[in-house]
$ cat upload15.cif   # mmCIF, C-alpha atoms
data_start
#
loop_
_atom_site.label_atom_id
_atom_site.label_comp_id
_atom_site.auth_asym_id
_atom_site.auth_seq_id
_atom_site.Cartn_x
_atom_site.Cartn_y
_atom_site.Cartn_z
CA MET R 1 -37.51 -29.53 1.63
CA PRO R 2 -38.35 -28.48 5.20
CA GLN R 3 -36.25 -25.69 6.66
CA SER R 4 -34.04 -26.51 9.62
CA PRO R 5 -35.37 -25.01 12.85
CA ARG R 6 -33.81 -21.80 14.10
CA PRO R 7 -31.53 -22.14 17.13
CA ARG R 8 -33.21 -21.44 20.43
CA LEU R 9 -32.83 -17.80 21.35
CA THR R 10 -30.28 -17.38 24.13
CA ARG R 11 -28.16 -14.45 25.22
CA ASP R 12 -25.17 -15.91 23.37
CA VAL R 13 -27.17 -16.32 20.15
CA LEU R 14 -28.50 -12.78 20.48
CA LEU R 15 -25.06 -11.24 21.04
CA ALA R 16 -23.49 -13.22 18.19
CA SER R 17 -26.24 -12.09 15.79
CA ALA R 18 -25.90 -8.46 16.90
CA LEU R 19 -22.12 -8.65 16.47
CA ALA R 20 -22.45 -10.03 12.95
CA ARG R 21 -25.00 -7.37 12.00
CA ALA R 22 -22.79 -4.53 13.30
CA ASP R 23 -19.76 -6.00 11.51
CA ALA R 24 -21.67 -6.12 8.23
CA ALA R 25 -23.49 -2.79 8.30
CA GLY R 26 -22.18 -0.74 11.23
CA LEU R 27 -23.68 0.09 14.59
CA ASP R 28 -26.21 2.50 13.09
CA ALA R 29 -27.87 -0.44 11.34
CA LEU R 30 -28.37 -2.24 14.63
CA SER R 31 -31.85 -1.90 16.08
CA MET R 32 -33.77 -4.19 18.38
CA ARG R 33 -36.60 -4.45 15.85
CA ALA R 34 -34.32 -5.37 12.94
CA LEU R 35 -32.43 -7.83 15.11
CA ALA R 36 -35.67 -9.49 16.22
CA ALA R 37 -36.82 -9.84 12.61
CA GLU R 38 -33.49 -11.40 11.67
CA LEU R 39 -33.81 -13.90 14.52
CA GLY R 40 -37.45 -14.63 13.72
CA VAL R 41 -38.83 -13.49 17.07
CA VAL R 42 -40.89 -10.58 18.36
CA PRO R 43 -38.86 -7.64 19.70
CA MET R 44 -40.04 -8.26 23.27
CA ALA R 45 -38.30 -11.66 23.19
CA LEU R 46 -34.94 -9.91 23.09
CA TYR R 47 -35.60 -8.15 26.38
CA LYS R 48 -35.62 -11.47 28.21
CA HIS R 49 -31.86 -11.53 27.61
CA VAL R 50 -30.83 -7.85 27.66
CA ALA R 51 -32.51 -4.97 29.44
CA ASN R 52 -32.02 -2.52 26.56
CA LYS R 53 -29.86 -1.72 23.55
CA ASP R 54 -27.13 -0.28 25.75
CA GLU R 55 -26.77 -3.59 27.56
CA LEU R 56 -26.72 -5.32 24.19
CA ILE R 57 -23.77 -3.16 23.11
CA ASP R 58 -22.03 -3.89 26.43
CA GLY R 59 -22.22 -7.58 25.60
CA MET R 60 -21.01 -7.06 22.04
CA VAL R 61 -18.00 -5.06 23.22
CA ASP R 62 -17.19 -7.82 25.67
CA LEU R 63 -17.17 -10.32 22.78
CA VAL R 64 -14.59 -8.14 21.04
CA TRP R 65 -12.48 -8.05 24.21
CA ALA R 66 -12.66 -11.85 24.34
CA GLU R 67 -10.78 -11.93 21.01
CA VAL R 68 -7.84 -9.92 22.40
CA GLU R 69 -4.81 -11.96 23.46
CA PRO R 70 -4.16 -11.20 27.15
CA PRO R 71 -0.54 -10.99 28.32
CA ALA R 72 0.50 -13.54 30.94
CA ILE R 73 0.78 -12.38 34.55
CA GLY R 74 3.95 -13.71 36.16
CA GLY R 75 5.11 -17.23 35.45
CA ALA R 76 5.45 -20.64 37.02
CA ALA R 77 5.77 -20.75 40.81
CA THR R 78 9.29 -20.89 42.22
CA ASP R 79 10.47 -23.07 45.12
CA ASP R 80 9.38 -20.49 47.68
CA GLY R 81 5.88 -20.31 46.19
CA SER R 82 6.22 -16.89 44.56
CA ALA R 83 5.55 -16.28 40.88
CA GLY R 84 8.55 -16.65 38.63
CA ALA R 85 9.44 -14.66 35.54
CA PRO R 86 6.87 -14.95 32.74
CA ALA R 87 7.70 -17.27 29.85
CA VAL R 88 7.40 -14.28 27.50
CA PRO R 89 9.18 -10.97 28.35
CA TRP R 90 6.79 -8.13 29.16
CA HIS R 91 7.59 -6.17 25.99
CA GLU R 92 6.87 -9.19 23.80
CA ALA R 93 3.62 -9.78 25.69
CA MET R 94 2.63 -6.12 25.25
CA ARG R 95 3.49 -6.24 21.54
CA ALA R 96 1.34 -9.33 21.06
CA ARG R 97 -1.51 -7.78 23.04
CA ALA R 98 -1.42 -4.53 21.04
CA THR R 99 -1.27 -6.41 17.74
CA SER R 100 -4.18 -8.61 18.84
CA LEU R 101 -6.26 -5.59 19.88
CA ARG R 102 -5.66 -3.89 16.54
CA ALA R 103 -6.65 -7.08 14.71
CA ALA R 104 -9.89 -7.30 16.72
CA LEU R 105 -10.73 -3.69 15.86
CA ARG R 106 -10.09 -4.36 12.18
CA ARG R 107 -12.61 -7.19 12.34
CA HIS R 108 -15.08 -5.04 14.28
CA PRO R 109 -14.48 -1.39 13.26
CA TRP R 110 -17.78 -0.29 14.85
CA ALA R 111 -16.16 -0.96 18.25
CA ILE R 112 -13.53 1.77 17.83
CA GLY R 113 -14.39 4.40 20.42
CA LEU R 114 -16.44 1.99 22.55
CA MET R 115 -13.78 -0.28 24.02
CA GLU R 116 -13.11 1.94 27.04
CA SER R 117 -16.45 3.70 27.37
CA ARG R 118 -18.69 0.98 28.79
CA MET R 119 -19.94 1.71 32.32
CA ARG R 120 -20.77 -1.98 32.91
CA PRO R 121 -17.70 -3.82 31.59
CA GLY R 122 -18.04 -7.56 31.12
CA LEU R 123 -15.77 -10.31 32.36
CA ALA R 124 -13.65 -10.43 29.21
CA ASN R 125 -13.16 -6.66 29.40
CA LEU R 126 -12.11 -6.85 33.05
CA ALA R 127 -9.83 -9.84 32.44
CA ALA R 128 -8.07 -8.08 29.55
CA HIS R 129 -7.34 -4.96 31.58
CA ASN R 130 -6.34 -6.92 34.67
CA ALA R 131 -3.91 -9.02 32.62
CA MET R 132 -2.30 -5.96 31.08
CA MET R 133 -1.84 -4.27 34.46
CA GLY R 134 -0.67 -7.51 36.07
CA CYS R 135 1.91 -8.25 33.40
CA LEU R 136 3.62 -4.89 33.89
CA ARG R 137 3.32 -4.91 37.69
CA GLU R 138 4.87 -8.38 37.90
CA ALA R 139 7.65 -7.19 35.57
CA GLY R 140 8.65 -4.63 38.22
CA PHE R 141 6.93 -1.47 37.00
CA SER R 142 5.51 0.80 39.67
CA PHE R 143 1.77 1.37 39.83
CA ARG R 144 2.04 4.85 38.32
CA ALA R 145 4.43 3.70 35.57
CA THR R 146 2.03 0.87 34.75
CA VAL R 147 -0.85 3.32 34.40
CA HIS R 148 1.26 5.51 32.11
CA ALA R 149 2.29 2.51 29.99
CA THR R 150 -1.19 1.04 29.58
CA SER R 151 -2.63 4.45 28.77
CA VAL R 152 -0.16 5.27 26.01
CA LEU R 153 -0.32 1.77 24.51
CA ASP R 154 -4.11 1.79 24.28
CA ALA R 155 -4.18 5.36 23.00
CA TYR R 156 -1.77 4.37 20.23
CA VAL R 157 -3.75 1.28 19.19
CA TYR R 158 -7.12 3.07 19.24
CA GLY R 159 -5.75 6.08 17.38
CA PHE R 160 -4.06 3.94 14.75
CA ALA R 161 -7.21 1.85 14.31
CA LEU R 162 -9.28 5.02 13.82
CA GLN R 163 -6.86 6.35 11.21
CA GLU R 164 -6.80 2.96 9.50
CA LYS R 165 -10.59 2.95 9.40
CA THR R 166 -10.89 6.42 7.87
CA LEU R 167 -8.06 6.50 5.32
CA PRO R 168 -9.38 5.75 1.82
CA PHE R 169 -7.10 2.81 1.01
CA ASP R 170 -6.36 -0.66 2.38
CA THR R 171 -3.08 -1.77 0.81
CA PRO R 172 0.31 -0.15 0.06
CA GLU R 173 -0.51 -0.42 -3.64
CA GLU R 174 -3.78 1.47 -3.22
CA SER R 175 -2.08 4.17 -1.16
CA GLY R 176 0.60 4.54 -3.83
CA GLU R 177 -2.04 4.98 -6.51
CA ALA R 178 -3.86 7.57 -4.39
CA ALA R 179 -0.62 9.48 -3.75
CA ALA R 180 0.32 9.43 -7.43
CA ALA R 181 -3.10 10.75 -8.40
CA LYS R 182 -2.85 13.50 -5.79
CA SER R 183 0.63 14.56 -6.95
CA GLU R 184 -0.74 15.23 -10.43
CA THR R 185 -3.24 17.75 -9.07
CA VAL R 186 -0.79 19.83 -7.01
CA PRO R 187 -0.01 23.17 -8.76
CA PRO R 188 3.74 23.91 -9.02
CA GLU R 189 3.45 27.10 -6.94
CA VAL R 190 1.85 25.10 -4.12
CA ALA R 191 4.51 22.40 -4.34
CA LEU R 192 7.23 25.03 -3.90
CA ARG R 193 5.58 26.30 -0.70
CA PHE R 194 5.29 22.86 0.91
CA PRO R 195 8.34 20.84 -0.16
CA TYR R 196 8.25 18.37 2.71
CA LEU R 197 4.62 17.49 2.09
CA LEU R 198 5.43 17.04 -1.58
CA GLU R 199 8.20 14.67 -0.54
CA VAL R 200 5.64 12.61 1.42
CA VAL R 201 3.39 12.38 -1.63
CA ALA R 202 6.29 11.41 -3.89
CA GLU R 203 7.59 8.74 -1.51
CA LEU R 204 4.14 7.23 -0.98
CA ALA R 205 3.54 7.20 -4.73
CA ARG R 206 6.66 5.10 -5.13
CA ASP R 207 6.55 2.77 -2.08
CA GLY R 208 3.02 3.10 -0.70
CA TYR R 209 1.91 3.20 2.93
CA ASP R 210 2.04 -0.16 4.67
CA TYR R 211 -0.29 -0.20 7.71
CA ASP R 212 1.38 -3.23 9.27
CA GLU R 213 4.89 -1.83 8.96
CA GLU R 214 3.90 1.59 10.29
CA PHE R 215 2.01 0.06 13.22
CA ALA R 216 4.94 -2.16 14.17
CA THR R 217 7.43 0.72 13.93
CA GLY R 218 5.34 3.02 16.13
CA LEU R 219 4.72 0.24 18.63
CA ASP R 220 8.43 -0.47 18.95
CA LEU R 221 9.12 3.22 19.61
CA ILE R 222 6.53 3.24 22.40
CA LEU R 223 7.82 0.02 23.98
CA GLN R 224 11.35 1.40 23.97
CA GLY R 225 10.09 4.47 25.79
CA ILE R 226 8.15 2.41 28.32
CA GLU R 227 11.28 0.38 29.06
CA ARG R 228 12.85 3.53 30.51
CA LEU R 229 10.20 3.48 33.25
CA GLN R 230 11.21 0.01 34.44
CA PRO R 231 13.40 0.01 37.56
#
$ encode --input "upload15.cif" --output "C-alpha cells"
Amino acid sequence: MPQSPRPRLTRDVLLASALARADAAGLDALSMRALAAELGVVPMALYKHVANKDELIDGMVDLVWAEVEPPAIGGAATDDGSAGAPAVPWHEAMRARATSLRAALRRHPWAIGLMESRMRPGLANLAAHNAMMGCLREAGFSFRATVHATSVLDAYVYGFALQEKTLPFDTPEESGEAAAAKSETVPPEVALRFPYLLEVVAELARDGYDYDEEFATGLDLILQGIERLQP
C-alpha cells in the first residue's frame, strides 16, 4: 500500500513538529538535524523557514503563548463611546489567565524558564502580555500597580510550574505514599528536633499534596493582595 505523501514543509509544520518533539523528549533532544530527519528533508531545508535554532525556539514559545487564555481588555462600548466594564471582573480574568498559563506549562514543561526570556517575542507573546496589562489598567489600576501585579502573578505561576515539574509525584495519592515512606526512615532523635517538619510529613501521608488545590489557594491569596492596590 503506497504511503501517503508528507505534508509540504512550511514554517507552521516545522514549528508544530519541533513542539511535539520537545514535548516528548525535552528541549535537549531537539536538534535541527534530528528534526530534518523526522520531517524527511535535508537540514538546509529548515533554514528556509527559520534562521537558526534560536529562532525556532522563539516560534515554539509563541505557540505555547497562543494556548494561554488572554483576559479581556475593557468591555462593550458605552453610549459616549468609551469602553465599559468587562464582562468578567478583573480578578476572575486574572485567575483564568493564571490557570491557563499553568496548564500550558504542564503540557509543555520544556518551556518553563523560556516564556519571558525571548528577545524576539512573537505576536501571541505580545498579545498575551498586552491583554494582561490592559485588563488591569482598564480596571483602574495605576501603571506601577499593574506592573507589580503582573510581575507577582507570573512569578507565582512560573515558580509553581517549576516545583510541579521537579517534585517526584503527580497525584495526591502518590505524594501520600512518598510521605509515608519518608516518615518510616526518619530516626526518632531527628523527629524530635524538627517537629513541624514531621507534622508536614504526617499530614501529607494522610491527605496527600493536591497540586490543583494548592495552586488555587496561593492564587487567591495573591489576588486578594493585588486588590489592595486598586483605587
$ atom_distance --input "upload15.cif" --atom1 "CA of Ala98 in chain R" --atom2 "CA of Ser17 in chain R"
26.5 Å
$ residues_around --input "upload15.cif" --residues "range 140-150 of chain R" --least-positions-apart "2" --cutoff "9 Å" --atoms "all atoms listed in the file" --output "number ranges by chain"
R: 129, 132-134, 136-138, 152-155, 222-223, 226, 229-231
$ closest_residue --input "upload15.cif" --among "R:Ile112, R:Ala202, R:Ala66, R:Ala29" --to "Phe160 in chain R" --atoms "all atoms listed in the file"
R:Ile112
$ closest_residue --input "upload15.cif" --among "R:Glu199, R:Glu177, R:Glu38, R:Asp12" --to "Met60 in chain R" --atoms "all atoms listed in the file"
R:Asp12
$ atom_distance --input "upload15.cif" --atom1 "CA of Arg206 in chain R" --atom2 "CA of Asp220 in chain R"
24.8 Å
$ residues_around --input "upload15.cif" --residues "Arg11 in chain R" --least-positions-apart "2" --cutoff "9 Å" --atoms "only C-alpha atoms" --output "list in words"
Leu9, Val13, Leu14, Leu15, Ala16, Leu46, Lys48, His49 and Val50 of chain R
$ residues_around --input "upload15.cif" --residues "Arg95 in chain R" --least-positions-apart "2" --cutoff "12 Å" --atoms "only C-alpha atoms" --output "PDB file with C-alpha atoms, in the frame of the given file"
ATOM      1  CA  VAL R  68      -7.840  -9.920  22.400  1.00  0.00           C
ATOM      2  CA  GLU R  69      -4.810 -11.960  23.460  1.00  0.00           C
ATOM      3  CA  PRO R  70      -4.160 -11.200  27.150  1.00  0.00           C
ATOM      4  CA  PRO R  71      -0.540 -10.990  28.320  1.00  0.00           C
ATOM      5  CA  VAL R  88       7.400 -14.280  27.500  1.00  0.00           C
ATOM      6  CA  PRO R  89       9.180 -10.970  28.350  1.00  0.00           C
ATOM      7  CA  TRP R  90       6.790  -8.130  29.160  1.00  0.00           C
ATOM      8  CA  HIS R  91       7.590  -6.170  25.990  1.00  0.00           C
ATOM      9  CA  GLU R  92       6.870  -9.190  23.800  1.00  0.00           C
ATOM     10  CA  ALA R  93       3.620  -9.780  25.690  1.00  0.00           C
ATOM     11  CA  ARG R  97      -1.510  -7.780  23.040  1.00  0.00           C
ATOM     12  CA  ALA R  98      -1.420  -4.530  21.040  1.00  0.00           C
ATOM     13  CA  THR R  99      -1.270  -6.410  17.740  1.00  0.00           C
ATOM     14  CA  SER R 100      -4.180  -8.610  18.840  1.00  0.00           C
ATOM     15  CA  LEU R 101      -6.260  -5.590  19.880  1.00  0.00           C
ATOM     16  CA  ARG R 102      -5.660  -3.890  16.540  1.00  0.00           C
ATOM     17  CA  MET R 132      -2.300  -5.960  31.080  1.00  0.00           C
ATOM     18  CA  THR R 150      -1.190   1.040  29.580  1.00  0.00           C
ATOM     19  CA  LEU R 153      -0.320   1.770  24.510  1.00  0.00           C
ATOM     20  CA  ASP R 154      -4.110   1.790  24.280  1.00  0.00           C
ATOM     21  CA  TYR R 156      -1.770   4.370  20.230  1.00  0.00           C
ATOM     22  CA  VAL R 157      -3.750   1.280  19.190  1.00  0.00           C
ATOM     23  CA  PHE R 215       2.010   0.060  13.220  1.00  0.00           C
ATOM     24  CA  ALA R 216       4.940  -2.160  14.170  1.00  0.00           C
ATOM     25  CA  THR R 217       7.430   0.720  13.930  1.00  0.00           C
ATOM     26  CA  GLY R 218       5.340   3.020  16.130  1.00  0.00           C
ATOM     27  CA  LEU R 219       4.720   0.240  18.630  1.00  0.00           C
ATOM     28  CA  ASP R 220       8.430  -0.470  18.950  1.00  0.00           C
ATOM     29  CA  LEU R 221       9.120   3.220  19.610  1.00  0.00           C
ATOM     30  CA  ILE R 222       6.530   3.240  22.400  1.00  0.00           C
ATOM     31  CA  LEU R 223       7.820   0.020  23.980  1.00  0.00           C
ATOM     32  CA  GLN R 224      11.350   1.400  23.970  1.00  0.00           C
ATOM     33  CA  ILE R 226       8.150   2.410  28.320  1.00  0.00           C
TER      34      ILE R 226
END
$ closest_residue --input "upload15.cif" --among "R:Ala128, R:Leu123, R:Ala178, R:Leu27" --to "Ala111 in chain R" --atoms "all atoms listed in the file"
R:Leu27
$ closest_residue --input "upload15.cif" --among "R:Gly159, R:Gly208, R:Gly225, R:Gly40" --to "Glu173 in chain R" --atoms "only C-alpha atoms"
R:Gly208
$ build_atoms --input "upload15.cif" --residues "range 142-161 of chain R" --atoms "N, CA, C and O atoms" --output "mmCIF file, keeping the file's coordinate frame"
data_model
loop_
_atom_site.group_PDB
_atom_site.id
_atom_site.type_symbol
_atom_site.label_atom_id
_atom_site.label_comp_id
_atom_site.auth_asym_id
_atom_site.auth_seq_id
_atom_site.Cartn_x
_atom_site.Cartn_y
_atom_site.Cartn_z
ATOM 1 N N SER R 142 6.302 0.242 38.586
ATOM 2 C CA SER R 142 5.510 0.800 39.670
ATOM 3 C C SER R 142 4.061 0.944 39.218
ATOM 4 O O SER R 142 3.755 0.855 38.019
ATOM 5 N N PHE R 143 3.178 1.186 40.181
ATOM 6 C CA PHE R 143 1.770 1.370 39.830
ATOM 7 C C PHE R 143 1.605 2.524 38.859
ATOM 8 O O PHE R 143 0.928 2.406 37.833
ATOM 9 N N ARG R 144 2.213 3.674 39.166
ATOM 10 C CA ARG R 144 2.040 4.850 38.320
ATOM 11 C C ARG R 144 2.645 4.631 36.937
ATOM 12 O O ARG R 144 2.059 5.020 35.912
ATOM 13 N N ALA R 145 3.806 3.989 36.860
ATOM 14 C CA ALA R 145 4.430 3.700 35.570
ATOM 15 C C ALA R 145 3.560 2.750 34.753
ATOM 16 O O ALA R 145 3.442 2.881 33.528
ATOM 17 N N THR R 146 2.920 1.807 35.435
ATOM 18 C CA THR R 146 2.030 0.870 34.750
ATOM 19 C C THR R 146 0.831 1.590 34.159
ATOM 20 O O THR R 146 0.411 1.315 33.028
ATOM 21 N N VAL R 147 0.272 2.520 34.919
ATOM 22 C CA VAL R 147 -0.850 3.320 34.400
ATOM 23 C C VAL R 147 -0.418 4.112 33.176
ATOM 24 O O VAL R 147 -1.135 4.158 32.163
ATOM 25 N N HIS R 148 0.752 4.744 33.253
ATOM 26 C CA HIS R 148 1.260 5.510 32.110
ATOM 27 C C HIS R 148 1.415 4.597 30.885
ATOM 28 O O HIS R 148 1.023 4.961 29.766
ATOM 29 N N ALA R 149 1.996 3.421 31.095
ATOM 30 C CA ALA R 149 2.290 2.510 29.990
ATOM 31 C C ALA R 149 1.008 1.995 29.337
ATOM 32 O O ALA R 149 0.883 1.984 28.100
ATOM 33 N N THR R 150 0.048 1.562 30.149
ATOM 34 C CA THR R 150 -1.190 1.040 29.580
ATOM 35 C C THR R 150 -1.969 2.134 28.852
ATOM 36 O O THR R 150 -2.574 1.888 27.802
ATOM 37 N N SER R 151 -1.916 3.341 29.393
ATOM 38 C CA SER R 151 -2.630 4.450 28.770
ATOM 39 C C SER R 151 -2.069 4.776 27.392
ATOM 40 O O SER R 151 -2.820 4.916 26.419
ATOM 41 N N VAL R 152 -0.750 4.880 27.299
ATOM 42 C CA VAL R 152 -0.160 5.270 26.010
ATOM 43 C C VAL R 152 -0.282 4.136 24.998
ATOM 44 O O VAL R 152 -0.506 4.391 23.801
ATOM 45 N N LEU R 153 -0.182 2.891 25.431
ATOM 46 C CA LEU R 153 -0.320 1.770 24.510
ATOM 47 C C LEU R 153 -1.733 1.716 23.918
ATOM 48 O O LEU R 153 -1.910 1.563 22.703
ATOM 49 N N ASP R 154 -2.735 1.839 24.778
ATOM 50 C CA ASP R 154 -4.110 1.790 24.280
ATOM 51 C C ASP R 154 -4.425 2.996 23.410
ATOM 52 O O ASP R 154 -5.105 2.870 22.386
ATOM 53 N N ALA R 155 -3.933 4.169 23.807
ATOM 54 C CA ALA R 155 -4.180 5.360 23.000
ATOM 55 C C ALA R 155 -3.589 5.188 21.602
ATOM 56 O O ALA R 155 -4.198 5.594 20.594
ATOM 57 N N TYR R 156 -2.415 4.588 21.535
ATOM 58 C CA TYR R 156 -1.770 4.370 20.230
ATOM 59 C C TYR R 156 -2.592 3.400 19.380
ATOM 60 O O TYR R 156 -2.864 3.666 18.202
ATOM 61 N N VAL R 157 -3.006 2.279 19.963
ATOM 62 C CA VAL R 157 -3.750 1.280 19.190
ATOM 63 C C VAL R 157 -5.079 1.855 18.715
ATOM 64 O O VAL R 157 -5.453 1.713 17.544
ATOM 65 N N TYR R 158 -5.811 2.523 19.621
ATOM 66 C CA TYR R 158 -7.120 3.070 19.240
ATOM 67 C C TYR R 158 -6.966 4.167 18.179
ATOM 68 O O TYR R 158 -7.740 4.232 17.221
ATOM 69 N N GLY R 159 -5.960 5.023 18.355
ATOM 70 C CA GLY R 159 -5.750 6.080 17.380
ATOM 71 C C GLY R 159 -5.342 5.541 16.025
ATOM 72 O O GLY R 159 -5.819 6.016 14.982
ATOM 73 N N PHE R 160 -4.481 4.531 16.015
ATOM 74 C CA PHE R 160 -4.060 3.940 14.750
ATOM 75 C C PHE R 160 -5.233 3.246 14.070
ATOM 76 O O PHE R 160 -5.417 3.355 12.859
ATOM 77 N N ALA R 161 -6.045 2.542 14.872
ATOM 78 C CA ALA R 161 -7.210 1.850 14.310
ATOM 79 C C ALA R 161 -8.193 2.844 13.701
ATOM 80 O O ALA R 161 -8.790 2.575 12.645
#
